[in-house]
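S.K.: First the structure, then my questions, so here it is.
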Amino acid sequence: MRALRGLAVAAAVCAGTAGIAVPTAQAAPGKRGKLISVRPLVNAAALPSAAVNRAVSYTSEGVGGRKIVVTGTVAVPPGRAPRGGWPVLSWAHGTTGTADACAPSTDTATGPAHDYLSITEAYLDRWVSHGYAVVQTDYEGLGTAGGHPYMNGASEANTVLDIVRASRRVDHRIGRDWFVAGHSQGGQAALYTAATSANDVRLKGAVAIAPGSNMSQTAVYVKAQYPGAEAALPFLFVLLNGANAADPTFVPEALLTSDAAPLAAAGRTNACLAQLRQMSASLPLDKVFRPDADLTRFETYYNSQEALGLTLNVPTLVAQGTADREVSPAATQNIVTDLCKRYGRIAYRTFDGADHRGSINASFETSLQFTESLRQDAPTPTTC
């Protein structure tokens with residue numbers, strides 16, 4: 001107990017910034033959005049334009065309704081907050097991997113996922129410079145106990161929402177009004193988040209950039225050795241590990257050859273997407289799956305995580321690069337067409353020449369204009 005009190009005092013001294021509240025000790029999981037810990041953030045995940053950068057842990061709800069602890073980051077703009085507090089952008093990150101080292105909050109200049117996170121960190125800094133408090137969840141199982149249930153929509157949405165709740169305990173100047181934005185995996189997460197509701201914080205709108213879809217087809221694509229399947233191969237191992245995290249009775253190695261199984265294991269322990277790309281470059285496609293591999297459970301699970309069939313609750317902008325080879329414009333258009341059947345305030349914008357990662361920055365000004373219009377209760381465009 002004496003050691004815990006000492007740690008709490010040290011944390012309070014380090015936090016010494018106006019508006020910062022620090023829990024006195026670690027707490028067990030409880031009510032969703034409960035702030036468990038907060039500490040200064042000084043690695044690459046810290047946003048340069050922010051007056052305050054903090055690493056946090058908080059409670060949320062994972063796969064199957066289990067209580068979980070999640071980590072993430074909170075960045076607060078400089079200056080005086082507007083009436084009602086800083087508006088919040090809750091960022092849902094794209095695919096980094098399933099190993100703990102792939103958590104965005106732990107990023108460094110030489111980190112295993114920095115090739116992607118360096119892009120999103122610069123993007124998020126632009127939101128801070130425009131007066132948004134930016135919060136970013138690591139998602140379930142990235143940097144915390146248990147596996148990461150990659151592309152599990154409900155789990156993602158819970159962690160995206162609950163970090164907004166936790167952030168308001170970090171700094172009382174953070175307001176109730178918030179927006180969700182995400183890319184790729186996070187684009188799918190943003191759509192799932194747009195279908196949720198909460199009374200204590202007010203979700204005003206959503207931005208989904210190149211939302212991930214057609215996950216179940218990745219395994220078939222690789223197994224059939226279709227043209228371009230090599231590019232899908234590293235994502236296959238992330239997907240297999242994600243299914244295992246959601247249901248431990250699903251064992252990736254039961255489907256894989258002895259040549260491919262070590263890549264799945266590496267993806268659970270220390271390899272992020274960039275490393276899986278390197279490792280899989282020398283793996284022949286005919287050496288991935290066992291001849292008797294039954295992909296039924298894989299396909300059934302990921303079909304259940306598609307954004308199709310959702311009923312959205314807030315105005316939503318869907319952004320897509322026309323040169324994207326990882327998430328095709330046709331697939332995204334299919335999602336928009338389906339969502340429009342149940343909700344009419346969806347805007348679909350394409351960005352000429354933008355590839356998968358390029359769509360992040362290409363869509364920034366459009367996304368900012370979209371959220372600013374919602375803040376002012378002005379009409380937003382729709383394509384439904």
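Scheme for the structure tokens: letters A, B, ... for chains in order shown; per-chain residue numbers from 1; ligand numbers from 1 in order shown.
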Tell me which protein, DNA and RNA residues are within 12 Å of A:Thr218, counting only C-alpha atoms, leaving out same-chain ones fewer than 6 positions away, and put them as number ranges by chain.

M.R.: A: 212, 224-226, 228-240, 295, 298-299, 302-303, 326-327

S.K.: As a PyMOL selection string, please: the residues near A:Gly182 (cut-off 9 Å, only C-alpha atoms, same-chain neighbours under 4 positions excluded).

M.R.: chain A and resi 90-94+186-191+206-211+360

S.K.: What is the atom CA of A:Ile119 to atom CA of A:Glu61 distance in Å?

M.R.: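 Interatomic distance here is 28.5 Å.
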
S.K.: Tell me, which residues of stretch 166-275 of chain A carry DSSP alpha helix (DSSP H), written as a PDB file with C-alpha atoms, in the first residue's frame?

M.R.:
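What ended up in result.pdb:
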```pdb
ATOM      1  CA  ALA A 166     -12.452   8.162 -19.685  1.00  0.00           C
ATOM      2  CA  SER A 167     -10.903  11.253 -21.285  1.00  0.00           C
ATOM      3  CA  ARG A 168     -13.347  13.522 -19.493  1.00  0.00           C
ATOM      4  CA  ARG A 169     -11.798  12.342 -16.235  1.00  0.00           C
ATOM      5  CA  VAL A 170      -8.349  13.178 -17.572  1.00  0.00           C
ATOM      6  CA  GLN A 185     -10.036  -1.420 -39.783  1.00  0.00           C
ATOM      7  CA  GLY A 186     -10.937   1.808 -38.033  1.00  0.00           C
ATOM      8  CA  GLY A 187     -13.289   2.773 -40.850  1.00  0.00           C
ATOM      9  CA  GLN A 188     -15.296  -0.350 -40.141  1.00  0.00           C
ATOM     10  CA  ALA A 189     -15.062   0.482 -36.422  1.00  0.00           C
ATOM     11  CA  ALA A 190     -16.377   3.992 -37.114  1.00  0.00           C
ATOM     12  CA  LEU A 191     -19.447   2.568 -38.840  1.00  0.00           C
ATOM     13  CA  TYR A 192     -20.136   0.221 -35.936  1.00  0.00           C
ATOM     14  CA  THR A 193     -19.686   3.165 -33.570  1.00  0.00           C
ATOM     15  CA  ALA A 194     -22.159   5.238 -35.598  1.00  0.00           C
ATOM     16  CA  GLN A 217     -12.910 -13.691 -48.693  1.00  0.00           C
ATOM     17  CA  THR A 218      -9.242 -13.181 -47.849  1.00  0.00           C
ATOM     18  CA  ALA A 219      -8.637 -16.832 -47.005  1.00  0.00           C
ATOM     19  CA  VAL A 220     -10.372 -18.078 -50.155  1.00  0.00           C
ATOM     20  CA  TYR A 221      -8.429 -15.553 -52.225  1.00  0.00           C
ATOM     21  CA  VAL A 222      -5.120 -16.796 -50.874  1.00  0.00           C
ATOM     22  CA  LYS A 223      -6.021 -20.478 -51.009  1.00  0.00           C
ATOM     23  CA  ALA A 229      -3.104 -12.773 -53.445  1.00  0.00           C
ATOM     24  CA  GLU A 230       0.452 -12.133 -52.260  1.00  0.00           C
ATOM     25  CA  ALA A 231      -0.619  -8.637 -51.145  1.00  0.00           C
ATOM     26  CA  ALA A 232      -3.456 -10.117 -49.095  1.00  0.00           C
ATOM     27  CA  LEU A 233      -1.260 -12.739 -47.412  1.00  0.00           C
ATOM     28  CA  PRO A 234       0.016 -10.665 -44.433  1.00  0.00           C
ATOM     29  CA  PHE A 235      -3.565  -9.600 -43.649  1.00  0.00           C
ATOM     30  CA  LEU A 236      -4.563 -13.279 -43.599  1.00  0.00           C
ATOM     31  CA  PHE A 237      -2.409 -13.925 -40.536  1.00  0.00           C
ATOM     32  CA  VAL A 238      -3.855 -10.874 -38.779  1.00  0.00           C
ATOM     33  CA  LEU A 239      -7.367 -12.117 -39.569  1.00  0.00           C
ATOM     34  CA  LEU A 240      -6.628 -15.652 -38.385  1.00  0.00           C
ATOM     35  CA  ASN A 241      -5.269 -14.351 -35.083  1.00  0.00           C
ATOM     36  CA  GLY A 242      -8.233 -12.027 -34.719  1.00  0.00           C
ATOM     37  CA  ALA A 243     -10.648 -14.922 -35.072  1.00  0.00           C
ATOM     38  CA  ASN A 244      -8.647 -16.866 -32.480  1.00  0.00           C
ATOM     39  CA  ALA A 245      -8.843 -13.937 -30.028  1.00  0.00           C
ATOM     40  CA  ALA A 246     -12.616 -13.776 -30.451  1.00  0.00           C
ATOM     41  CA  ALA A 261       2.177 -21.621 -38.894  1.00  0.00           C
ATOM     42  CA  PRO A 262       5.228 -19.711 -37.530  1.00  0.00           C
ATOM     43  CA  LEU A 263       3.936 -16.519 -39.154  1.00  0.00           C
ATOM     44  CA  ALA A 264       0.655 -16.776 -37.289  1.00  0.00           C
ATOM     45  CA  ALA A 265       2.555 -17.351 -34.052  1.00  0.00           C
ATOM     46  CA  ALA A 266       4.811 -14.365 -34.740  1.00  0.00           C
ATOM     47  CA  GLY A 267       1.744 -12.224 -35.384  1.00  0.00           C
ATOM     48  CA  ARG A 268       0.480 -13.002 -31.896  1.00  0.00           C
ATOM     49  CA  THR A 269       3.771 -12.300 -30.166  1.00  0.00           C
ATOM     50  CA  LEU A 273       1.765  -5.901 -40.261  1.00  0.00           C
ATOM     51  CA  ALA A 274       5.015  -4.527 -41.678  1.00  0.00           C
ATOM     52  CA  GLN A 275       6.996  -7.493 -40.356  1.00  0.00           C
TER      53      GLN A 275
END
```

S.K.: Have a look at A:Glu306, A:Asp200, A:Asp138, A:Asp125 and name the one nearest to A:Asn214; count only C-alpha atoms.

M.R.: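 Checking each candidate against A:Asn214, we get A:Glu306 as the closest.
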
S.K.: Looking at A:Ser359, A:Asn43, A:Thr311, A:Ser57, which one is nearest to A:Thr120, with distances taken over only C-alpha atoms?

M.R.: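 Ranked by minimum distance to A:Thr120, first place goes to A:Ser359.
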
S.K.: Using only C-alpha atoms, which of the listed residues (A:Ala122, A:Asp115, A:Trp86, A:Gly143) sits closest to A:Ala103?

M.R.: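 The shortest atom-to-atom distance to A:Ala103 comes from A:Gly143.
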
S.K.: Out of stretch 273-382 of chain A, which residues get strand (DSSP E) from DSSP, as number ranges by chain?

M.R.: A: 316-321, 346-351

S.K.: Convert the current residue selection to file output with N, CA, C and O atoms, as a PDB file, in the first residue's frame.

M.R.:
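As written to disk, selection_14.pdb reads:
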```pdb
ATOM      1  N   THR A 316     -23.008  10.539 -41.345  1.00  0.00           N
ATOM      2  CA  THR A 316     -21.756   9.812 -41.573  1.00  0.00           C
ATOM      3  C   THR A 316     -21.161  10.167 -42.925  1.00  0.00           C
ATOM      4  O   THR A 316     -21.869  10.199 -43.937  1.00  0.00           O
ATOM      5  N   LEU A 317     -19.869  10.448 -42.910  1.00  0.00           N
ATOM      6  CA  LEU A 317     -19.108  10.667 -44.131  1.00  0.00           C
ATOM      7  C   LEU A 317     -18.268   9.429 -44.402  1.00  0.00           C
ATOM      8  O   LEU A 317     -17.519   8.984 -43.531  1.00  0.00           O
ATOM      9  N   VAL A 318     -18.381   8.871 -45.597  1.00  0.00           N
ATOM     10  CA  VAL A 318     -17.551   7.747 -46.020  1.00  0.00           C
ATOM     11  C   VAL A 318     -16.615   8.249 -47.106  1.00  0.00           C
ATOM     12  O   VAL A 318     -17.060   8.791 -48.122  1.00  0.00           O
ATOM     13  N   ALA A 319     -15.310   8.100 -46.882  1.00  0.00           N
ATOM     14  CA  ALA A 319     -14.291   8.598 -47.812  1.00  0.00           C
ATOM     15  C   ALA A 319     -13.528   7.423 -48.415  1.00  0.00           C
ATOM     16  O   ALA A 319     -13.214   6.454 -47.726  1.00  0.00           O
ATOM     17  N   GLN A 320     -13.192   7.545 -49.689  1.00  0.00           N
ATOM     18  CA  GLN A 320     -12.540   6.436 -50.384  1.00  0.00           C
ATOM     19  C   GLN A 320     -11.603   6.951 -51.461  1.00  0.00           C
ATOM     20  O   GLN A 320     -11.975   7.817 -52.255  1.00  0.00           O
ATOM     21  N   GLY A 321     -10.374   6.457 -51.501  1.00  0.00           N
ATOM     22  CA  GLY A 321      -9.439   6.792 -52.563  1.00  0.00           C
ATOM     23  C   GLY A 321      -9.707   5.957 -53.796  1.00  0.00           C
ATOM     24  O   GLY A 321      -9.969   4.753 -53.690  1.00  0.00           O
ATOM     25  N   ILE A 346     -26.000   9.951 -45.152  1.00  0.00           N
ATOM     26  CA  ILE A 346     -24.675   9.421 -45.435  1.00  0.00           C
ATOM     27  C   ILE A 346     -24.127  10.114 -46.671  1.00  0.00           C
ATOM     28  O   ILE A 346     -24.797  10.194 -47.705  1.00  0.00           O
ATOM     29  N   ALA A 347     -22.912  10.640 -46.556  1.00  0.00           N
ATOM     30  CA  ALA A 347     -22.239  11.274 -47.688  1.00  0.00           C
ATOM     31  C   ALA A 347     -21.071  10.394 -48.118  1.00  0.00           C
ATOM     32  O   ALA A 347     -20.266   9.985 -47.281  1.00  0.00           O
ATOM     33  N   TYR A 348     -20.990  10.104 -49.399  1.00  0.00           N
ATOM     34  CA  TYR A 348     -19.891   9.294 -49.934  1.00  0.00           C
ATOM     35  C   TYR A 348     -19.039  10.171 -50.840  1.00  0.00           C
ATOM     36  O   TYR A 348     -19.529  10.748 -51.803  1.00  0.00           O
ATOM     37  N   ARG A 349     -17.743  10.290 -50.503  1.00  0.00           N
ATOM     38  CA  ARG A 349     -16.821  11.111 -51.279  1.00  0.00           C
ATOM     39  C   ARG A 349     -15.627  10.278 -51.711  1.00  0.00           C
ATOM     40  O   ARG A 349     -15.053   9.535 -50.909  1.00  0.00           O
ATOM     41  N   THR A 350     -15.259  10.411 -52.977  1.00  0.00           N
ATOM     42  CA  THR A 350     -14.066   9.740 -53.477  1.00  0.00           C
ATOM     43  C   THR A 350     -12.976  10.785 -53.724  1.00  0.00           C
ATOM     44  O   THR A 350     -13.261  11.958 -53.989  1.00  0.00           O
ATOM     45  N   PHE A 351     -11.716  10.316 -53.651  1.00  0.00           N
ATOM     46  CA  PHE A 351     -10.570  11.210 -53.805  1.00  0.00           C
ATOM     47  C   PHE A 351      -9.654  10.640 -54.885  1.00  0.00           C
ATOM     48  O   PHE A 351      -9.034   9.587 -54.711  1.00  0.00           O
TER      49      PHE A 351
END
```

S.K.: Write out as a PDB file with all heavy atoms, in the first residue's frame each polymer residue whose atoms come within 7 Å of A:Arg325, counting only C-alpha atoms; drop sequence neighbours fewer than 3 positions from it.

M.R.:
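Here's the written file result-v5.pdb:
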```
ATOM      1  N   SER A 328     -11.318  -1.820 -52.083  1.00  0.00           N
ATOM      2  CA  SER A 328     -11.715  -1.338 -53.404  1.00  0.00           C
ATOM      3  C   SER A 328     -12.869  -0.341 -53.303  1.00  0.00           C
ATOM      4  O   SER A 328     -13.746  -0.456 -52.432  1.00  0.00           O
ATOM      5  CB  SER A 328     -12.141  -2.512 -54.296  1.00  0.00           C
ATOM      6  OG  SER A 328     -13.407  -3.001 -53.904  1.00  0.00           O
ATOM      7  N   ASP A 355      -4.340   6.412 -52.761  1.00  0.00           N
ATOM      8  CA  ASP A 355      -4.300   4.986 -52.457  1.00  0.00           C
ATOM      9  C   ASP A 355      -4.827   4.758 -51.039  1.00  0.00           C
ATOM     10  O   ASP A 355      -5.401   5.656 -50.420  1.00  0.00           O
ATOM     11  CB  ASP A 355      -2.908   4.413 -52.664  1.00  0.00           C
ATOM     12  CG  ASP A 355      -1.858   5.041 -51.747  1.00  0.00           C
ATOM     13  OD1 ASP A 355      -2.220   5.741 -50.781  1.00  0.00           O
ATOM     14  OD2 ASP A 355      -0.651   4.818 -51.992  1.00  0.00           O
ATOM     15  N   HIS A 356      -4.608   3.549 -50.519  1.00  0.00           N
ATOM     16  CA  HIS A 356      -5.232   3.191 -49.245  1.00  0.00           C
ATOM     17  C   HIS A 356      -4.795   4.126 -48.115  1.00  0.00           C
ATOM     18  O   HIS A 356      -5.642   4.702 -47.417  1.00  0.00           O
ATOM     19  CB  HIS A 356      -4.896   1.740 -48.894  1.00  0.00           C
ATOM     20  CG  HIS A 356      -5.664   1.207 -47.726  1.00  0.00           C
ATOM     21  ND1 HIS A 356      -7.042   1.178 -47.696  1.00  0.00           N
ATOM     22  CD2 HIS A 356      -5.248   0.680 -46.533  1.00  0.00           C
ATOM     23  CE1 HIS A 356      -7.440   0.660 -46.541  1.00  0.00           C
ATOM     24  NE2 HIS A 356      -6.377   0.365 -45.824  1.00  0.00           N
TER      25      HIS A 356
END
```

S.K.: What's the separation between atom CA of A:Asn53 and atom CA of A:Thr73, in Å to one decimal place?

M.R.: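 That distance, rounded to one decimal, is 7.2 Å.
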
S.K.: Please provide the set of residues having any atom within 7 Å of A:Thr137, restricted to only C-alpha atoms, with same-chain residues fewer than 5 positions apart removed, written as a VMD selection string.

M.R.: chain A and resid 71 to 73 92 159 to 160 163

S.K.: Selected residues, all heavy atoms, written as a compact mmCIF listing (two decimals), in the first residue's frame, please.

M.R.:
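Saved as again27.txt:
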```
# COMPACT_ATOMS: atom_id res chain seq x y z
N THR A 71 -6.01 0.29 -23.23
CA THR A 71 -5.11 1.44 -23.19
C THR A 71 -5.37 2.36 -24.38
O THR A 71 -5.98 1.96 -25.37
CB THR A 71 -3.65 0.99 -23.18
OG1 THR A 71 -3.43 0.07 -24.26
CG2 THR A 71 -3.29 0.32 -21.86
N GLY A 72 -4.87 3.59 -24.25
CA GLY A 72 -5.03 4.55 -25.33
C GLY A 72 -4.35 5.85 -24.99
O GLY A 72 -3.57 5.92 -24.03
N THR A 73 -4.64 6.88 -25.77
CA THR A 73 -4.00 8.18 -25.57
C THR A 73 -5.04 9.30 -25.61
O THR A 73 -6.10 9.16 -26.24
CB THR A 73 -2.94 8.46 -26.65
OG1 THR A 73 -3.55 8.42 -27.95
CG2 THR A 73 -1.83 7.42 -26.59
N ALA A 92 -10.23 5.78 -34.55
CA ALA A 92 -10.15 4.32 -34.64
C ALA A 92 -9.08 3.98 -35.67
O ALA A 92 -9.26 4.24 -36.87
CB ALA A 92 -11.51 3.74 -35.05
N THR A 159 -14.71 0.23 -27.31
CA THR A 159 -13.46 0.86 -26.87
C THR A 159 -13.35 2.29 -27.41
O THR A 159 -12.79 3.15 -26.74
CB THR A 159 -12.24 0.02 -27.31
OG1 THR A 159 -12.22 -0.10 -28.74
CG2 THR A 159 -12.28 -1.37 -26.70
N VAL A 160 -13.88 2.53 -28.59
CA VAL A 160 -13.88 3.88 -29.18
C VAL A 160 -14.75 4.82 -28.35
O VAL A 160 -14.37 5.98 -28.11
CB VAL A 160 -14.37 3.82 -30.64
CG1 VAL A 160 -14.71 5.20 -31.16
CG2 VAL A 160 -13.31 3.17 -31.54
N ILE A 163 -13.30 5.37 -24.38
CA ILE A 163 -12.16 6.25 -24.15
C ILE A 163 -12.60 7.71 -24.12
O ILE A 163 -11.97 8.55 -23.47
CB ILE A 163 -11.03 6.03 -25.18
CG1 ILE A 163 -9.74 6.70 -24.69
CG2 ILE A 163 -11.43 6.51 -26.56
CD1 ILE A 163 -8.52 6.38 -25.52
```

S.K.: Show me, as a PDB file with all heavy atoms, in the first residue's frame, the residues that have an atom within 10 Å of A:Ser118 when counting only C-alpha atoms, minus same-chain residues fewer than 3 positions from it.

M.R.:
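Just written: part.pdb:
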```
ATOM      1  N   ALA A  44       6.424   8.647 -29.562  1.00  0.00           N
ATOM      2  CA  ALA A  44       5.990   9.149 -30.867  1.00  0.00           C
ATOM      3  C   ALA A  44       4.484   9.343 -30.956  1.00  0.00           C
ATOM      4  O   ALA A  44       4.001  10.073 -31.830  1.00  0.00           O
ATOM      5  CB  ALA A  44       6.454   8.191 -31.966  1.00  0.00           C
ATOM      6  N   ALA A  45       3.738   8.715 -30.067  1.00  0.00           N
ATOM      7  CA  ALA A  45       2.279   8.867 -30.078  1.00  0.00           C
ATOM      8  C   ALA A  45       1.832  10.232 -29.556  1.00  0.00           C
ATOM      9  O   ALA A  45       0.685  10.622 -29.746  1.00  0.00           O
ATOM     10  CB  ALA A  45       1.639   7.754 -29.246  1.00  0.00           C
ATOM     11  N   PRO A 104      -0.890   1.459 -30.830  1.00  0.00           N
ATOM     12  CA  PRO A 104      -0.456   2.816 -31.175  1.00  0.00           C
ATOM     13  C   PRO A 104       0.094   3.622 -30.007  1.00  0.00           C
ATOM     14  O   PRO A 104       0.997   4.443 -30.190  1.00  0.00           O
ATOM     15  CB  PRO A 104      -1.734   3.457 -31.724  1.00  0.00           C
ATOM     16  CG  PRO A 104      -2.501   2.317 -32.286  1.00  0.00           C
ATOM     17  CD  PRO A 104      -2.242   1.181 -31.334  1.00  0.00           C
ATOM     18  N   ASP A 107       3.928   3.535 -29.623  1.00  0.00           N
ATOM     19  CA  ASP A 107       4.729   3.785 -30.823  1.00  0.00           C
ATOM     20  C   ASP A 107       5.985   4.602 -30.528  1.00  0.00           C
ATOM     21  O   ASP A 107       5.984   5.511 -29.693  1.00  0.00           O
ATOM     22  CB  ASP A 107       3.881   4.520 -31.863  1.00  0.00           C
ATOM     23  CG  ASP A 107       4.612   4.678 -33.184  1.00  0.00           C
ATOM     24  OD1 ASP A 107       5.276   3.715 -33.606  1.00  0.00           O
ATOM     25  OD2 ASP A 107       4.512   5.760 -33.784  1.00  0.00           O
ATOM     26  N   THR A 108       7.054   4.244 -31.217  1.00  0.00           N
ATOM     27  CA  THR A 108       8.307   5.004 -31.180  1.00  0.00           C
ATOM     28  C   THR A 108       8.772   5.213 -32.614  1.00  0.00           C
ATOM     29  O   THR A 108       8.232   4.622 -33.557  1.00  0.00           O
ATOM     30  CB  THR A 108       9.401   4.256 -30.405  1.00  0.00           C
ATOM     31  OG1 THR A 108       9.729   3.042 -31.116  1.00  0.00           O
ATOM     32  CG2 THR A 108       8.942   3.914 -28.989  1.00  0.00           C
ATOM     33  N   ALA A 109       9.795   6.026 -32.784  1.00  0.00           N
ATOM     34  CA  ALA A 109      10.304   6.323 -34.123  1.00  0.00           C
ATOM     35  C   ALA A 109      10.838   5.088 -34.825  1.00  0.00           C
ATOM     36  O   ALA A 109      10.921   5.048 -36.058  1.00  0.00           O
ATOM     37  CB  ALA A 109      11.386   7.391 -34.046  1.00  0.00           C
ATOM     38  N   GLY A 111       9.540   1.968 -33.956  1.00  0.00           N
ATOM     39  CA  GLY A 111       8.580   0.934 -33.572  1.00  0.00           C
ATOM     40  C   GLY A 111       8.126   0.083 -34.743  1.00  0.00           C
ATOM     41  O   GLY A 111       8.203   0.497 -35.906  1.00  0.00           O
ATOM     42  N   ALA A 113       5.273  -0.697 -35.898  1.00  0.00           N
ATOM     43  CA  ALA A 113       4.124  -0.235 -36.674  1.00  0.00           C
ATOM     44  C   ALA A 113       4.242   1.231 -37.067  1.00  0.00           C
ATOM     45  O   ALA A 113       3.276   1.844 -37.514  1.00  0.00           O
ATOM     46  CB  ALA A 113       2.832  -0.453 -35.877  1.00  0.00           C
ATOM     47  N   HIS A 114       5.451   1.795 -36.920  1.00  0.00           N
ATOM     48  CA  HIS A 114       5.619   3.232 -37.144  1.00  0.00           C
ATOM     49  C   HIS A 114       5.438   3.616 -38.607  1.00  0.00           C
ATOM     50  O   HIS A 114       5.131   4.778 -38.906  1.00  0.00           O
ATOM     51  CB  HIS A 114       6.987   3.696 -36.650  1.00  0.00           C
ATOM     52  CG  HIS A 114       7.133   5.186 -36.589  1.00  0.00           C
ATOM     53  ND1 HIS A 114       6.379   5.980 -35.741  1.00  0.00           N
ATOM     54  CD2 HIS A 114       7.940   6.049 -37.283  1.00  0.00           C
ATOM     55  CE1 HIS A 114       6.718   7.251 -35.893  1.00  0.00           C
ATOM     56  NE2 HIS A 114       7.652   7.315 -36.828  1.00  0.00           N
ATOM     57  N   ASP A 115       5.640   2.694 -39.533  1.00  0.00           N
ATOM     58  CA  ASP A 115       5.437   3.013 -40.948  1.00  0.00           C
ATOM     59  C   ASP A 115       4.020   3.503 -41.201  1.00  0.00           C
ATOM     60  O   ASP A 115       3.789   4.394 -42.025  1.00  0.00           O
ATOM     61  CB  ASP A 115       5.747   1.798 -41.825  1.00  0.00           C
ATOM     62  CG  ASP A 115       4.802   0.633 -41.566  1.00  0.00           C
ATOM     63  OD1 ASP A 115       4.643   0.240 -40.386  1.00  0.00           O
ATOM     64  OD2 ASP A 115       4.219   0.109 -42.533  1.00  0.00           O
ATOM     65  N   GLU A 121      -0.402   9.742 -36.919  1.00  0.00           N
ATOM     66  CA  GLU A 121      -0.030  10.715 -35.880  1.00  0.00           C
ATOM     67  C   GLU A 121       0.013  12.132 -36.455  1.00  0.00           C
ATOM     68  O   GLU A 121      -0.468  13.086 -35.822  1.00  0.00           O
ATOM     69  CB  GLU A 121       1.317  10.324 -35.271  1.00  0.00           C
ATOM     70  CG  GLU A 121       1.221   9.113 -34.355  1.00  0.00           C
ATOM     71  CD  GLU A 121       2.519   8.336 -34.211  1.00  0.00           C
ATOM     72  OE1 GLU A 121       3.536   8.736 -34.828  1.00  0.00           O
ATOM     73  OE2 GLU A 121       2.514   7.306 -33.510  1.00  0.00           O
ATOM     74  N   ALA A 122       0.554  12.285 -37.665  1.00  0.00           N
ATOM     75  CA  ALA A 122       0.580  13.600 -38.305  1.00  0.00           C
ATOM     76  C   ALA A 122      -0.835  14.061 -38.643  1.00  0.00           C
ATOM     77  O   ALA A 122      -1.169  15.251 -38.512  1.00  0.00           O
ATOM     78  CB  ALA A 122       1.438  13.546 -39.573  1.00  0.00           C
ATOM     79  N   TYR A 123      -1.673  13.131 -39.060  1.00  0.00           N
ATOM     80  CA  TYR A 123      -3.073  13.440 -39.369  1.00  0.00           C
ATOM     81  C   TYR A 123      -3.823  13.896 -38.117  1.00  0.00           C
ATOM     82  O   TYR A 123      -4.519  14.918 -38.127  1.00  0.00           O
ATOM     83  CB  TYR A 123      -3.712  12.190 -39.974  1.00  0.00           C
ATOM     84  CG  TYR A 123      -5.214  12.227 -40.119  1.00  0.00           C
ATOM     85  CD1 TYR A 123      -5.819  12.800 -41.232  1.00  0.00           C
ATOM     86  CD2 TYR A 123      -6.041  11.633 -39.164  1.00  0.00           C
ATOM     87  CE1 TYR A 123      -7.196  12.797 -41.384  1.00  0.00           C
ATOM     88  CE2 TYR A 123      -7.419  11.630 -39.300  1.00  0.00           C
ATOM     89  CZ  TYR A 123      -7.993  12.217 -40.409  1.00  0.00           C
ATOM     90  OH  TYR A 123      -9.360  12.216 -40.556  1.00  0.00           O
TER      91      TYR A 123
END
```

S.K.: Would you mind telling me which residue in A:Ala145, A:Leu256, A:Ala55, A:Cys102 lies nearest to A:Lys67 when using only C-alpha atoms?

M.R.: A:Ala145

S.K.: Between atom CA of A:Arg66 and atom CA of A:Arg165, what is the distance, to one decimal in Å?

M.R.: 18.3 Å

S.K.: Counting only C-alpha atoms, which residue out of A:Ile335, A:Val42, A:Leu310, A:Leu374 sits closest to A:Asp177?

M.R.: A:Leu374

S.K.: Hey, what's within 6 Å of stretch 281-292 of chain A if we count only C-alpha atoms and toss same-chain stuff fewer than 4 positions away? As a PyMOL selection string, please?

M.R.: chain A and resi 255-257+260

S.K.: For the residues in the current selection, export N, CA and C atoms as a compact mmCIF listing (two decimals), in the first residue's frame.

M.R.:
```txt
# COMPACT_ATOMS: atom_id res chain seq x y z
N LEU A 255 -5.24 -24.91 -39.61
CA LEU A 255 -5.48 -24.71 -41.03
C LEU A 255 -4.21 -24.55 -41.83
N LEU A 256 -3.11 -24.24 -41.15
CA LEU A 256 -1.89 -23.83 -41.83
C LEU A 256 -0.85 -24.94 -41.93
N THR A 257 -0.01 -24.83 -42.92
CA THR A 257 1.11 -25.76 -43.06
C THR A 257 2.20 -25.43 -42.05
N ALA A 260 3.71 -22.05 -42.81
CA ALA A 260 2.94 -20.84 -42.54
C ALA A 260 2.64 -20.63 -41.06
```

S.K.: Identify which of the residues A:Ser184, A:Ser60, A:Gln369, A:Thr332 lies closest to A:Thr95, counting only C-alpha atoms when measuring atom-to-atom distances.

M.R.: A:Ser184
